[in-house]
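Structure, as structure tokens:
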Amino acid sequence: CTLAALHRFPEALERLEEAELLGASVDTVERAGDTITLACGGDPRLLEAIATRRARAAREHAGMRSLVDHAAALAALGRLGEADATLARALRSTPDVSPLPAAQILFQRGVLAAEHVGDREAAERYYREALRLVPGFVRAAVHLAELEAERGDLVAARARLTKVLSSEDPEPSSRLASLTDEGAQRDELIALAGEHYRTLLERHRAAFLDHALEFALAHGSR
């Protein structure tokens with residue numbers, strides 16, 4: 001659901017109720033509602049019920065989408081090894097017509113490895129493979145650059161972020177500013193990121209407010 005993607009969860013739930021009344025399939029409404037519940041967290045028993053339901057769907061259909069859904073539920077429960085194994089199965093189930101689904105799954109495996117398991121080497125491999133499939137994958141580039149910077153390869157991190165500066169995403173310019181010494185270039189990068197954040201906040205305030213606040217705290221109001 002678009003509203004859920006923008007973190008407008010109460011509105012999204014209201015729209016789901018309306019959709020069900022208008023005849024949307026129960027499976028579609030349930031899947032979207034489960035996704036919102038996982039994003040918000042909540043009662044572990046409810047999360048377990050969602051995981052059980054999605055495990056059943058994955059067994060019955062074994063398609064990419066159902067496997068990705070199941071992996072998200074497992075990750076929410078802290079069952080990280082199972083979540084990664086399920087994403088690996090999903091990767092093998094991706095259609096051949098487009099590299100985008102595979103790149104997205106690789107990105108998810110990278111986030112799981114870096115931010116939950118603490119395996120940064122594995123995360124780098126996944127991000128690099130995602131970028132090999134989709135060179136303009138901005139989020140994968142930003143996450144990989146962060147890992148490169150953490151291990152001291154600032155030249156690689158700066159070069160990677162520079163490649164995706166032309167996107168409307170504020171993260172590349174914000175992260176690159178953090179890796180740039182004080183001066184005119186750094187000021188320009190901060191101004192560019194600030195402009196992008198202002199545009200995003202005007203359109204989708206709830207979805208980007210946290211990131212915008214982090215940016216403001218890191219770089220001050222300029």
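Numbering starts fresh at 1 for the residues of each chain in the structure tokens, the chains themselves are lettered A, B, ... in the order given, and ligands are numbered from 1 as they appear.
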
Members of range 35-182 of chain A assigned alpha helix (DSSP H) by DSSP, as a PyMOL selection string: chain A and resi 35-40+44-61+64-76+80-92+100-111+120-133+138-150+154-163+171-178

Go through range 158-181 of chain A and flag each residue having an atom no more than 8 Å from range 133-141 of chain A; for those, report the closest pair of atoms plus their distance in Å to one decimal, using only C-alpha atoms, ordered by chain and rising number, as a tab-separated table.
residue	atom	partner	partner_atom	distance
A:Arg160	CA	A:Ala141	CA	6.5
A:Leu161	CA	A:Ala141	CA	6.7
A:Val164	CA	A:Val138	CA	6.3
A:Ser167	CA	A:Val138	CA	7.7
A:Asp169	CA	A:Val138	CA	7.7
A:Pro172	CA	A:Val138	CA	7.8

Ala149 in chain A environment, 9 Å, only C-alpha atoms, sequence neighbours closer than 6 positions dropped, as a VMD selection string: chain A and resid 155 to 158 179

Atomic separation - CA of His219 in chain A relative to CA of Gln108 in chain A, Å: 28.3 Å

Which residues, written as a PDB file with N, CA, C and O atoms, in the first residue's frame, have at least one atom at most 8 Å from Asp84 in chain A, with only C-alpha atoms counted and residues fewer than 3 positions away on the same chain left out?
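Output file around_29.pdb follows:
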ATOM      1  N   ALA A  71      10.104 -13.988   4.956  1.00  0.00           N
ATOM      2  CA  ALA A  71      11.388 -13.551   5.509  1.00  0.00           C
ATOM      3  C   ALA A  71      11.224 -12.312   6.384  1.00  0.00           C
ATOM      4  O   ALA A  71      11.857 -12.193   7.443  1.00  0.00           O
ATOM      5  N   LEU A  80      16.831 -14.587  12.550  1.00  0.00           N
ATOM      6  CA  LEU A  80      17.584 -13.978  11.460  1.00  0.00           C
ATOM      7  C   LEU A  80      18.159 -14.998  10.487  1.00  0.00           C
ATOM      8  O   LEU A  80      18.183 -14.764   9.279  1.00  0.00           O
ATOM      9  N   GLY A  81      18.647 -16.123  10.999  1.00  0.00           N
ATOM     10  CA  GLY A  81      19.179 -17.144  10.115  1.00  0.00           C
ATOM     11  C   GLY A  81      18.119 -17.685   9.181  1.00  0.00           C
ATOM     12  O   GLY A  81      18.351 -17.862   7.977  1.00  0.00           O
ATOM     13  N   LEU A  87      15.216 -15.585   2.262  1.00  0.00           N
ATOM     14  CA  LEU A  87      15.544 -14.623   1.210  1.00  0.00           C
ATOM     15  C   LEU A  87      16.403 -15.275   0.122  1.00  0.00           C
ATOM     16  O   LEU A  87      16.251 -14.952  -1.066  1.00  0.00           O
ATOM     17  N   ALA A  88      17.284 -16.187   0.521  1.00  0.00           N
ATOM     18  CA  ALA A  88      18.088 -16.899  -0.471  1.00  0.00           C
ATOM     19  C   ALA A  88      17.193 -17.732  -1.384  1.00  0.00           C
ATOM     20  O   ALA A  88      17.409 -17.795  -2.606  1.00  0.00           O
ATOM     21  N   ARG A 109      19.106  -8.712   2.004  1.00  0.00           N
ATOM     22  CA  ARG A 109      20.069  -9.601   2.663  1.00  0.00           C
ATOM     23  C   ARG A 109      21.241  -8.798   3.216  1.00  0.00           C
ATOM     24  O   ARG A 109      21.772  -9.110   4.295  1.00  0.00           O
ATOM     25  N   LEU A 112      20.085  -7.101   6.424  1.00  0.00           N
ATOM     26  CA  LEU A 112      19.977  -8.112   7.472  1.00  0.00           C
ATOM     27  C   LEU A 112      21.358  -8.468   8.013  1.00  0.00           C
ATOM     28  O   LEU A 112      21.573  -8.531   9.239  1.00  0.00           O
TER      29      LEU A 112
END

Residue contacts of Glu171 in chain A (12 Å, only C-alpha atoms) excluding same-chain residues fewer than 6 positions away, as JSON, numbers by chain: {"A": [138, 139, 140, 141, 142, 143, 145, 146, 161, 162, 164, 165, 177, 178, 189, 190, 192, 193, 194, 195, 196, 197, 200, 208, 211, 212, 214, 215]}

Atoms to include: C-alpha atoms. Write the selected residues as a tab-separated table (two decimals), in the first residue's frame.
chain	number	residue	atom	x	y	z
A	138	VAL	CA	20.98	4.41	-4.74
A	139	ARG	CA	20.18	2.78	-1.40
A	140	ALA	CA	22.59	-0.09	-2.05
A	141	ALA	CA	25.30	2.42	-3.03
A	142	VAL	CA	24.77	4.46	0.14
A	143	HIS	CA	24.81	1.40	2.41
A	145	ALA	CA	29.69	3.38	0.95
A	146	GLU	CA	28.94	3.51	4.68
A	161	LEU	CA	28.54	8.33	-3.39
A	162	THR	CA	29.64	10.74	-6.10
A	164	VAL	CA	24.74	8.64	-7.40
A	165	LEU	CA	24.71	12.35	-6.53
A	177	ALA	CA	29.27	15.77	3.15
A	178	SER	CA	30.10	13.75	6.28
A	189	LEU	CA	26.78	19.09	-0.51
A	190	ILE	CA	24.93	20.04	2.67
A	192	LEU	CA	22.02	20.04	-1.90
A	193	ALA	CA	20.92	17.48	0.69
A	194	GLY	CA	18.89	20.11	2.52
A	195	GLU	CA	17.10	21.05	-0.70
A	196	HIS	CA	16.22	17.42	-1.39
A	197	TYR	CA	14.96	16.92	2.16
A	200	LEU	CA	10.56	15.25	0.29
A	208	PHE	CA	11.22	11.23	5.77
A	211	HIS	CA	16.00	11.12	8.33
A	212	ALA	CA	15.63	14.87	7.95
A	214	GLU	CA	19.18	13.19	11.70
A	215	PHE	CA	20.54	15.31	8.87

CA of Ser98 in chain A to CA of Ala113 in chain A, distance in Å rounded to a single decimal: 24.3 Å

Interatomic distance, CA of Phe107 in chain A to CA of Gly63 in chain A (Å, one decimal): 18.4 Å

Nearest candidate to Ala123 in chain A (options A:Leu201, A:Leu144, A:Ala51, A:Ala184; using only C-alpha atoms): A:Leu144

Nearest to Arg54 in chain A, chosen from A:Ala218, A:Ala90, A:Ile105, A:Val68, with only C-alpha atoms counted in the distances: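 Smallest distance to Arg54 in chain A is found for A:Val68.
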
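Proximity to Tyr126 in chain A was assessed for A:Leu91, A:Val97, A:Leu213, A:Ala159 counting only C-alpha atoms; the smallest distance is recorded for A:Leu91.
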